[in-house]
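Below is the file final_39.cif, which contains mmCIF, C-alpha atoms and all ligand atoms.
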```cif
data_query
#
loop_
_atom_site.label_atom_id
_atom_site.label_comp_id
_atom_site.auth_asym_id
_atom_site.auth_seq_id
_atom_site.Cartn_x
_atom_site.Cartn_y
_atom_site.Cartn_z
CA MET A 665 3.38 22.72 -6.11
CA SER A 666 1.26 21.16 -3.40
CA SER A 667 3.37 19.34 -0.89
CA THR A 668 0.84 16.54 -0.32
CA VAL A 669 -2.27 15.45 -2.25
CA ILE A 670 -4.84 12.84 -1.20
CA TYR A 671 -6.47 10.52 -3.76
CA THR A 672 -9.69 8.68 -3.01
CA HIS A 673 -13.06 7.87 -4.62
CA PRO A 674 -16.60 7.37 -3.28
CA VAL A 675 -16.91 3.99 -5.05
CA CYS A 676 -14.42 2.62 -2.53
CA LEU A 677 -17.28 2.80 -0.01
CA ASP A 678 -19.43 0.64 -2.30
CA HIS A 679 -16.97 -2.27 -2.41
CA ASP A 680 -19.11 -4.47 -0.13
CA THR A 681 -17.31 -7.40 1.51
CA GLY A 682 -20.30 -8.61 3.53
CA GLU A 683 -21.28 -8.36 7.17
CA TYR A 684 -18.55 -8.50 9.83
CA HIS A 685 -15.72 -8.38 7.28
CA PRO A 686 -12.71 -6.51 8.72
CA GLU A 687 -11.82 -4.93 5.36
CA CYS A 688 -14.92 -2.75 5.24
CA ALA A 689 -16.07 0.69 4.11
CA ASP A 690 -15.94 2.01 7.69
CA ARG A 691 -12.15 2.05 7.34
CA ILE A 692 -12.37 4.72 4.64
CA ARG A 693 -15.13 6.55 6.53
CA ALA A 694 -12.92 6.75 9.63
CA ILE A 695 -10.02 8.12 7.57
CA SER A 696 -12.27 10.66 5.80
CA HIS A 697 -13.66 11.77 9.14
CA ILE A 698 -10.26 12.45 10.70
CA LEU A 699 -9.07 14.20 7.53
CA ASP A 700 -12.00 16.63 7.90
CA HIS A 701 -10.02 18.21 10.73
CA GLU A 702 -8.86 21.74 9.96
CA GLU A 703 -5.16 20.85 9.92
CA PHE A 704 -5.83 18.93 6.69
CA MET A 705 -8.22 21.50 5.23
CA TYR A 706 -5.79 22.74 2.59
CA VAL A 707 -4.56 19.32 1.47
CA PRO A 708 -5.99 18.92 -2.06
CA ARG A 709 -8.27 15.94 -2.70
CA GLU A 710 -8.40 14.27 -6.10
CA GLU A 711 -10.69 11.56 -7.44
CA ALA A 712 -8.85 8.34 -8.21
CA PRO A 713 -9.34 7.51 -11.91
CA PRO A 714 -9.81 3.92 -13.06
CA ALA A 715 -6.63 2.16 -14.14
CA THR A 716 -6.21 1.52 -17.85
CA VAL A 717 -5.93 -2.08 -18.99
CA GLU A 718 -2.35 -1.31 -20.02
CA GLN A 719 -1.49 -0.27 -16.45
CA ILE A 720 -2.99 -3.46 -14.98
CA LEU A 721 -1.29 -5.68 -17.57
CA ARG A 722 2.18 -4.49 -16.52
CA ALA A 723 1.62 -6.58 -13.38
CA HIS A 724 -0.97 -9.21 -14.30
CA PRO A 725 -1.69 -11.41 -17.32
CA GLN A 726 -4.83 -10.67 -19.31
CA GLY A 727 -6.40 -13.83 -17.87
CA HIS A 728 -6.18 -12.47 -14.31
CA TYR A 729 -7.77 -9.18 -15.33
CA ASP A 730 -10.54 -11.00 -17.19
CA ARG A 731 -11.22 -13.45 -14.34
CA VAL A 732 -11.48 -10.68 -11.73
CA MET A 733 -13.77 -8.53 -13.84
CA ALA A 734 -15.91 -11.54 -14.89
CA ALA A 735 -16.32 -12.54 -11.22
CA VAL A 736 -17.97 -9.23 -10.30
CA PRO A 737 -21.59 -10.17 -9.53
CA ALA A 738 -24.60 -8.31 -10.92
CA ASP A 739 -26.08 -8.41 -7.43
CA GLY A 740 -25.25 -9.95 -4.07
CA LEU A 741 -21.76 -11.11 -3.17
CA PHE A 742 -19.30 -13.42 -4.88
CA GLU A 743 -16.63 -15.13 -2.78
CA ILE A 744 -13.29 -15.53 -4.60
CA ASP A 745 -11.87 -17.24 -1.52
CA GLY A 746 -12.76 -17.27 2.17
CA ASP A 747 -11.37 -13.74 2.61
CA THR A 748 -11.83 -12.06 -0.72
CA MET A 749 -15.31 -10.88 -1.65
CA LEU A 750 -16.76 -9.10 -4.66
CA SER A 751 -19.92 -7.02 -4.86
CA PRO A 752 -21.39 -5.26 -7.90
CA ARG A 753 -19.17 -2.17 -7.62
CA SER A 754 -15.98 -4.01 -6.59
CA GLY A 755 -14.58 -4.08 -10.13
CA GLU A 756 -14.74 -0.32 -10.40
CA ALA A 757 -13.34 0.11 -6.86
CA ALA A 758 -10.42 -2.20 -7.69
CA LEU A 759 -9.71 -0.36 -10.93
CA ARG A 760 -9.79 2.99 -9.12
CA SER A 761 -7.46 1.68 -6.39
CA ALA A 762 -4.90 0.69 -9.01
CA GLY A 763 -5.62 3.75 -11.14
CA GLY A 764 -5.35 6.09 -8.15
CA ALA A 765 -1.92 4.61 -7.47
CA CYS A 766 -0.85 5.30 -11.07
CA ALA A 767 -2.34 8.82 -11.05
CA ALA A 768 -0.48 9.48 -7.82
CA VAL A 769 2.74 8.41 -9.53
CA ASP A 770 1.94 10.81 -12.41
CA GLU A 771 1.28 13.63 -9.95
CA VAL A 772 4.61 13.15 -8.19
CA ALA A 773 6.66 12.29 -11.29
CA THR A 774 5.61 15.50 -13.02
CA GLY A 775 6.24 17.62 -9.94
CA ARG A 776 2.62 18.67 -9.36
CA ALA A 777 2.89 17.26 -5.84
CA ARG A 778 5.80 16.26 -3.65
CA ASN A 779 3.96 13.20 -2.34
CA VAL A 780 0.51 11.60 -2.48
CA PHE A 781 -1.49 9.45 -0.08
CA VAL A 782 -3.97 7.12 -1.81
CA ALA A 783 -6.88 6.27 0.50
CA THR A 784 -8.69 3.60 -1.50
CA ARG A 785 -9.89 0.02 -1.10
CA PRO A 786 -9.64 -2.83 -1.96
CA PRO A 787 -5.98 -2.93 -0.92
CA GLY A 788 -3.45 -4.64 -3.17
CA HIS A 789 -0.33 -6.14 -1.66
CA HIS A 790 -1.59 -9.75 -1.43
CA ALA A 791 -2.74 -9.92 -5.08
CA GLU A 792 -0.23 -12.06 -6.95
CA ARG A 793 0.37 -12.02 -10.71
CA GLU A 794 -2.28 -14.64 -11.33
CA ARG A 795 -4.18 -14.86 -8.05
CA PRO A 796 -6.39 -12.45 -6.14
CA MET A 797 -6.29 -13.20 -2.40
CA GLY A 798 -6.28 -11.68 1.08
CA PHE A 799 -8.87 -8.94 0.34
CA CYS A 800 -6.77 -7.88 -2.71
CA LEU A 801 -7.67 -8.03 -6.43
CA PHE A 802 -4.95 -6.09 -8.26
CA SER A 803 -1.39 -5.56 -7.02
CA ASN A 804 -1.64 -1.77 -6.58
CA ALA A 805 1.87 -1.09 -5.25
CA ALA A 806 3.55 -3.20 -7.93
CA ILE A 807 1.36 -1.62 -10.62
CA ALA A 808 2.43 1.81 -9.36
CA ALA A 809 6.10 0.78 -9.30
CA LEU A 810 5.98 -0.55 -12.87
CA HIS A 811 4.10 2.57 -13.98
CA ALA A 812 6.85 4.77 -12.47
CA ARG A 813 9.47 2.72 -14.28
CA ASP A 814 7.79 2.15 -17.64
CA ALA A 815 5.71 5.31 -18.13
CA HIS A 816 8.11 7.79 -16.50
CA GLY A 817 11.51 6.19 -16.93
CA PHE A 818 12.54 5.91 -13.30
CA LYS A 819 15.41 3.46 -13.04
CA ARG A 820 15.31 2.38 -9.39
CA VAL A 821 11.82 2.12 -7.94
CA ALA A 822 11.45 0.92 -4.35
CA VAL A 823 8.41 -0.37 -2.48
CA VAL A 824 8.60 -0.44 1.31
CA ASP A 825 5.76 -2.38 2.94
CA PHE A 826 5.17 -1.80 6.65
CA ASP A 827 1.79 -3.56 6.80
CA VAL A 828 1.95 -6.27 9.48
CA HIS A 829 1.37 -8.92 6.79
CA HIS A 830 3.86 -9.87 4.11
CA GLY A 831 3.08 -8.38 0.70
CA ASN A 832 3.37 -11.67 -1.14
CA GLY A 833 1.61 -10.20 -4.16
CA THR A 834 3.90 -7.21 -4.58
CA GLN A 835 6.90 -9.48 -4.12
CA ASP A 836 5.54 -11.98 -6.66
CA VAL A 837 4.91 -9.32 -9.31
CA LEU A 838 8.23 -7.52 -8.86
CA TRP A 839 10.34 -10.68 -8.40
CA ASP A 840 11.68 -10.72 -11.99
CA GLN A 841 11.37 -6.99 -12.65
CA PRO A 842 14.69 -5.17 -13.12
CA GLY A 843 15.15 -1.83 -11.41
CA THR A 844 12.84 -2.62 -8.51
CA PHE A 845 13.22 -3.16 -4.76
CA TYR A 846 10.77 -4.64 -2.28
CA ALA A 847 11.26 -4.59 1.50
CA SER A 848 8.80 -5.74 4.15
CA THR A 849 8.50 -6.07 7.91
CA HIS A 850 5.75 -8.46 8.90
CA GLN A 851 4.61 -10.87 11.57
CA ALA A 852 6.27 -14.27 11.09
CA ASP A 853 3.99 -17.31 11.04
CA ALA A 854 0.98 -15.22 10.07
CA PHE A 855 -0.99 -14.86 6.86
CA PRO A 856 0.11 -15.27 4.05
CA TYR A 857 2.98 -17.42 5.45
CA THR A 858 5.57 -16.05 3.02
CA GLY A 859 8.34 -13.49 3.36
CA THR A 860 11.34 -15.33 4.73
CA PRO A 861 14.78 -13.68 4.64
CA GLU A 862 15.81 -16.35 2.12
CA GLU A 863 13.42 -14.83 -0.47
CA THR A 864 15.81 -12.31 -2.00
CA GLY A 865 14.44 -11.71 -5.51
CA GLY A 866 14.89 -13.24 -8.95
CA GLU A 867 18.18 -13.02 -10.84
CA GLY A 868 18.29 -9.66 -12.57
CA GLY A 869 14.97 -8.76 -10.95
CA ALA A 870 13.87 -7.12 -7.74
CA VAL A 871 16.07 -6.72 -4.71
CA VAL A 872 13.86 -8.30 -1.99
CA VAL A 873 14.50 -7.70 1.71
CA ASN A 874 12.19 -9.54 4.11
CA VAL A 875 12.35 -9.02 7.85
CA PRO A 876 9.85 -11.30 9.60
CA LEU A 877 9.37 -10.46 13.28
CA PRO A 878 7.67 -12.53 15.99
CA ALA A 879 4.17 -11.97 17.33
CA GLY A 880 4.40 -9.49 20.19
CA THR A 881 6.96 -7.28 18.44
CA GLY A 882 6.95 -3.81 19.95
CA PRO A 883 8.35 -0.42 18.95
CA GLU A 884 11.98 -1.14 19.82
CA ALA A 885 12.41 -4.29 17.71
CA PHE A 886 10.28 -2.84 14.90
CA ARG A 887 12.39 0.32 14.69
CA ALA A 888 15.59 -1.73 14.89
CA ALA A 889 14.48 -3.80 11.88
CA TYR A 890 14.40 -0.57 9.88
CA THR A 891 17.45 1.12 11.38
CA ASP A 892 19.66 -1.98 11.18
CA ILE A 893 18.43 -3.71 8.02
CA ILE A 894 15.83 -2.11 5.75
CA LEU A 895 16.87 1.56 5.76
CA PRO A 896 20.55 0.79 4.99
CA ARG A 897 19.51 -1.60 2.17
CA LEU A 898 17.08 1.00 0.82
CA ALA A 899 19.72 3.74 0.94
CA ALA A 900 22.20 1.44 -0.82
CA PHE A 901 19.61 0.79 -3.56
CA ALA A 902 19.31 4.59 -3.88
CA PRO A 903 15.72 4.68 -5.16
CA ASP A 904 14.75 7.45 -7.55
CA PHE A 905 11.07 6.83 -6.68
CA LEU A 906 9.65 5.50 -3.40
CA ILE A 907 6.30 3.76 -2.98
CA LEU A 908 4.93 2.83 0.43
CA SER A 909 2.56 -0.03 1.13
CA ALA A 910 1.10 1.75 4.11
CA GLY A 911 -0.72 -0.76 6.26
CA PHE A 912 -1.43 0.24 9.83
CA ASP A 913 -2.37 -3.18 11.23
CA ALA A 914 0.90 -3.40 13.19
CA HIS A 915 -0.81 -1.06 15.69
CA ALA A 916 -1.28 -2.58 19.16
CA ALA A 917 -5.06 -2.20 18.92
CA ASP A 918 -5.40 -4.06 15.63
CA PRO A 919 -7.52 -7.23 15.83
CA MET A 920 -5.87 -8.97 12.85
CA ALA A 921 -2.29 -9.33 14.11
CA HIS A 922 -0.10 -9.13 17.18
CA PHE A 923 2.41 -6.31 16.97
CA ARG A 924 2.41 -3.54 19.59
CA LEU A 925 3.09 -0.34 17.67
CA GLN A 926 1.64 3.04 18.57
CA VAL A 927 0.76 5.97 16.33
CA GLY A 928 4.14 7.58 16.99
CA ASP A 929 5.95 4.60 15.53
CA PHE A 930 4.26 5.10 12.16
CA ALA A 931 5.20 8.80 12.25
CA TRP A 932 8.80 7.87 13.09
CA LEU A 933 9.03 5.39 10.22
CA THR A 934 7.45 7.81 7.76
CA ARG A 935 10.10 10.39 8.72
CA GLN A 936 12.93 7.89 8.15
CA LEU A 937 11.56 6.89 4.74
CA LEU A 938 11.04 10.49 3.67
CA ASP A 939 14.62 11.28 4.64
CA ILE A 940 15.83 8.57 2.24
CA ALA A 941 13.47 9.89 -0.45
CA LYS A 942 14.94 13.34 0.12
CA ALA A 943 18.51 12.05 -0.19
CA HIS A 944 17.97 9.91 -3.30
CA ALA A 945 14.54 10.33 -4.88
CA GLY A 946 13.97 14.07 -5.09
CA ARG A 947 11.45 13.60 -2.25
CA ARG A 948 9.17 11.60 -4.58
CA VAL A 949 6.88 9.39 -2.46
CA VAL A 950 3.54 7.72 -3.19
CA SER A 951 1.88 6.05 -0.22
CA LEU A 952 -0.90 3.49 -0.71
CA LEU A 953 -3.31 2.38 1.98
CA GLU A 954 -3.12 -1.36 2.66
CA GLY A 955 -4.41 -2.85 5.96
CA GLY A 956 -5.47 -1.46 9.33
CA TYR A 957 -8.63 -2.88 10.91
CA ASP A 958 -9.19 -1.05 14.18
CA THR A 959 -10.85 1.98 12.66
CA ARG A 960 -9.86 4.41 15.46
CA ALA A 961 -6.21 3.32 15.46
CA LEU A 962 -6.24 3.30 11.65
CA ALA A 963 -7.54 6.86 11.38
CA ALA A 964 -5.13 8.21 14.00
CA SER A 965 -2.21 6.42 12.35
CA VAL A 966 -3.12 7.68 8.88
CA ALA A 967 -3.38 11.23 10.23
CA ALA A 968 0.07 10.94 11.81
CA HIS A 969 1.45 9.50 8.56
CA ILE A 970 -0.02 12.35 6.48
CA ARG A 971 1.23 14.98 8.94
CA VAL A 972 4.77 13.79 8.23
CA LEU A 973 4.12 13.59 4.48
CA MET A 974 2.99 17.25 4.62
CA GLU A 975 6.38 18.19 6.07
CA GLY A 976 7.89 16.66 2.90
ZN ZN A 1001 -2.20 -6.43 6.72
#
```
In structure tokens, what does this structure look like?
Amino acid sequence: MSSTVIYTHPVCLDHDTGEYHPECADRIRAISHILDHEEFMYVPREEAPPATVEQILRAHPQGHYDRVMAAVPADGLFEIDGDTMLSPRSGEAALRSAGGACAAVDEVATGRARNVFVATRPPGHHAERERPMGFCLFSNAAIAALHARDAHGFKRVAVVDFDVHHGNGTQDVLWDQPGTFYASTHQADAFPYTGTPEETGGEGGAVVVNVPLPAGTGPEAFRAAYTDIILPRLAAFAPDFLILSAGFDAHAADPMAHFRLQVGDFAWLTRQLLDIAKAHAGRRVVSLLEGGYDTRALAASVAAHIRVLMEG
């Protein structure tokens, strides 16, 4: 068994969001470049396959799938909203982001790998059941969670989202889904303006734990949010499969938000989450790239995250 496997696909570089868009192909290039370092030489790379329609439809109605795919332009760019752009290869990139997440679940569920990092774009956590938004087309983390539950029979699937923005899409998709858990730290009063502590999940559906934190939040308050609130709730849920919405835009250098984390804080959190996966989930972890817009900070943070994943 490989301890850690990385999923990606070259088409993720062809998802063109236009000039000066923060969610750009250079993000994946920066990650690929740092993963060329010899310490990652023996980490297997796999090509993310496209999601099946069945996998997408666990999270989205057919109409959403059809609208996204029909909006893909033959040439040029199509603007779904002010943030969310499509180019000719964006449909395939979106399907491979969601499909890579499901393949990663397969890899871990069957014991071929202990954990997987999925380095794809577009990201997913803002895509709601019926609405693409915030650079996101399909709700990758929720699709992965429902795949773990429905295709592999896991009974308690948790998503922990440490992107600096609230994963409104993941929360929306999982809200009514039994056997799921969604927890998020995020900057309060920032896009997408959801994720209050009062949002606790639908009856019989997901356990939702939101911890909004103010702009300017640094390592101490961020770590306390996990130590005091999210990690105890996650341990009490006792997940048998853990999915991470791994956004690195809470880094101090990130231009899209105002937290003050450093690389070491992402490594610390990864360690805490893996310890819970070890105690409850047979170490099964799938980590999906979400945000992170300062390419140097993103690459360094991803490398630190993967280093901890490799320790298992
Ligand atoms: Zn974000």
Next item on the list: Can you tell me which residues come within 7 Å of ligand ZN 1001 (chain A) when counting only C-alpha atoms and all ligand atoms, ideally as number ranges by chain?
Entry: A: 827-829, 911, 913, 954-956
Notebook entry, point to check: Neighbours of stretch 877-882 of chain A within 6 Å (all atoms listed in the file; same-chain residues fewer than 4 positions away dropped), as a list in words?
Noted result: Gln851, Ala852, His922, Phe923, Arg924 and Leu925 of chain A
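Atom CA of A:Leu937 to atom CA of A:Val950 spans 11.3 Å [interatomic distance, one decimal].
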Check: Any idea what the distance is between atom CA of A:Ala916 and atom CA of A:His969?
Finding: 16.3 Å
Margin query: Taking only C-alpha atoms into account, name the residue in A:Asp678, A:Glu867, A:Asp739, A:Asp904 that is nearest to A:Leu838.
Written below: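 The closest residue to A:Leu838 is A:Glu867.
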Considering all atoms listed in the file, return as a compact mmCIF listing (two decimals) with C-alpha atoms, keeping the file's coordinate frame whatever protein or nucleic-acid residues lie within 12 Å of A:Leu973, sequence-local ones (same chain, fewer than 2 positions apart) excluded.
```
# COMPACT_ATOMS: atom_id res chain seq x y z
CA SER A 666 1.26 21.16 -3.40
CA SER A 667 3.37 19.34 -0.89
CA THR A 668 0.84 16.54 -0.32
CA VAL A 669 -2.27 15.45 -2.25
CA ILE A 670 -4.84 12.84 -1.20
CA PHE A 704 -5.83 18.93 6.69
CA VAL A 707 -4.56 19.32 1.47
CA ALA A 777 2.89 17.26 -5.84
CA ARG A 778 5.80 16.26 -3.65
CA ASN A 779 3.96 13.20 -2.34
CA VAL A 780 0.51 11.60 -2.48
CA PHE A 781 -1.49 9.45 -0.08
CA LEU A 908 4.93 2.83 0.43
CA PHE A 930 4.26 5.10 12.16
CA ALA A 931 5.20 8.80 12.25
CA TRP A 932 8.80 7.87 13.09
CA LEU A 933 9.03 5.39 10.22
CA THR A 934 7.45 7.81 7.76
CA ARG A 935 10.10 10.39 8.72
CA GLN A 936 12.93 7.89 8.15
CA LEU A 937 11.56 6.89 4.74
CA LEU A 938 11.04 10.49 3.67
CA ASP A 939 14.62 11.28 4.64
CA ALA A 941 13.47 9.89 -0.45
CA LYS A 942 14.94 13.34 0.12
CA ARG A 947 11.45 13.60 -2.25
CA ARG A 948 9.17 11.60 -4.58
CA VAL A 949 6.88 9.39 -2.46
CA VAL A 950 3.54 7.72 -3.19
CA SER A 951 1.88 6.05 -0.22
CA VAL A 966 -3.12 7.68 8.88
CA ALA A 967 -3.38 11.23 10.23
CA ALA A 968 0.07 10.94 11.81
CA HIS A 969 1.45 9.50 8.56
CA ILE A 970 -0.02 12.35 6.48
CA ARG A 971 1.23 14.98 8.94
CA GLU A 975 6.38 18.19 6.07
CA GLY A 976 7.89 16.66 2.90
```
Margin query: Could you list, as a PyMOL selection string, every residue within 6 Å of stretch 839-841 of chain A, counting all atoms listed in the file and ignoring same-chain residues fewer than 3 positions away?
Written below: chain A and resi 835-836+865-866+869-870
Check: So, counting all atoms listed in the file, which residue among A:Ala765, A:Ile940, A:Ala854, A:Ala921 is closest to A:Ala783?
Finding: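 Of the candidates, the smallest distance to A:Ala783 is held by A:Ala765.
The nearest approach to A:Ala715 among the residues A:Ala805, A:Leu741, A:Cys688, A:Ala762, with all atoms listed in the file taken into account, belongs to A:Ala762.
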Note to self: I'd like the interatomic distance between atom CA of A:Glu863 and atom CA of A:Tyr890, to a tenth of an Å.
What the structure shows: 17.6 Å
Restore N, CA and C atoms in stretch 828-839 of chain A and list the result as a JSON list (two decimals), keeping the file's coordinate frame.
```json
[["chain", "number", "residue", "atom", "x", "y", "z"],
["A", 828, "VAL", "N", 1.49, -5.19, 8.59],
["A", 828, "VAL", "CA", 1.95, -6.27, 9.48],
["A", 828, "VAL", "C", 1.97, -7.62, 8.77],
["A", 829, "HIS", "N", 1.34, -7.68, 7.58],
["A", 829, "HIS", "CA", 1.37, -8.92, 6.79],
["A", 829, "HIS", "C", 2.35, -8.77, 5.63],
["A", 830, "HIS", "N", 2.93, -9.90, 5.23],
["A", 830, "HIS", "CA", 3.86, -9.87, 4.11],
["A", 830, "HIS", "C", 3.11, -9.58, 2.80],
["A", 831, "GLY", "N", 3.68, -8.71, 1.99],
["A", 831, "GLY", "CA", 3.08, -8.38, 0.70],
["A", 831, "GLY", "C", 3.50, -9.37, -0.36],
["A", 832, "ASN", "N", 3.00, -10.60, -0.21],
["A", 832, "ASN", "CA", 3.37, -11.67, -1.14],
["A", 832, "ASN", "C", 3.07, -11.31, -2.59],
["A", 833, "GLY", "N", 2.00, -10.55, -2.79],
["A", 833, "GLY", "CA", 1.61, -10.20, -4.16],
["A", 833, "GLY", "C", 2.59, -9.22, -4.79],
["A", 834, "THR", "N", 2.93, -8.18, -4.06],
["A", 834, "THR", "CA", 3.90, -7.21, -4.58],
["A", 834, "THR", "C", 5.22, -7.91, -4.87],
["A", 835, "GLN", "N", 5.64, -8.75, -3.93],
["A", 835, "GLN", "CA", 6.90, -9.48, -4.12],
["A", 835, "GLN", "C", 6.83, -10.38, -5.36],
["A", 836, "ASP", "N", 5.71, -11.06, -5.53],
["A", 836, "ASP", "CA", 5.54, -11.98, -6.66],
["A", 836, "ASP", "C", 5.60, -11.22, -7.99],
["A", 837, "VAL", "N", 4.94, -10.07, -8.05],
["A", 837, "VAL", "CA", 4.91, -9.32, -9.31],
["A", 837, "VAL", "C", 6.28, -8.72, -9.62],
["A", 838, "LEU", "N", 6.96, -8.22, -8.60],
["A", 838, "LEU", "CA", 8.23, -7.52, -8.86],
["A", 838, "LEU", "C", 9.42, -8.47, -8.97],
["A", 839, "TRP", "N", 9.25, -9.71, -8.55],
["A", 839, "TRP", "CA", 10.34, -10.68, -8.40],
["A", 839, "TRP", "C", 11.34, -10.66, -9.57]]
```
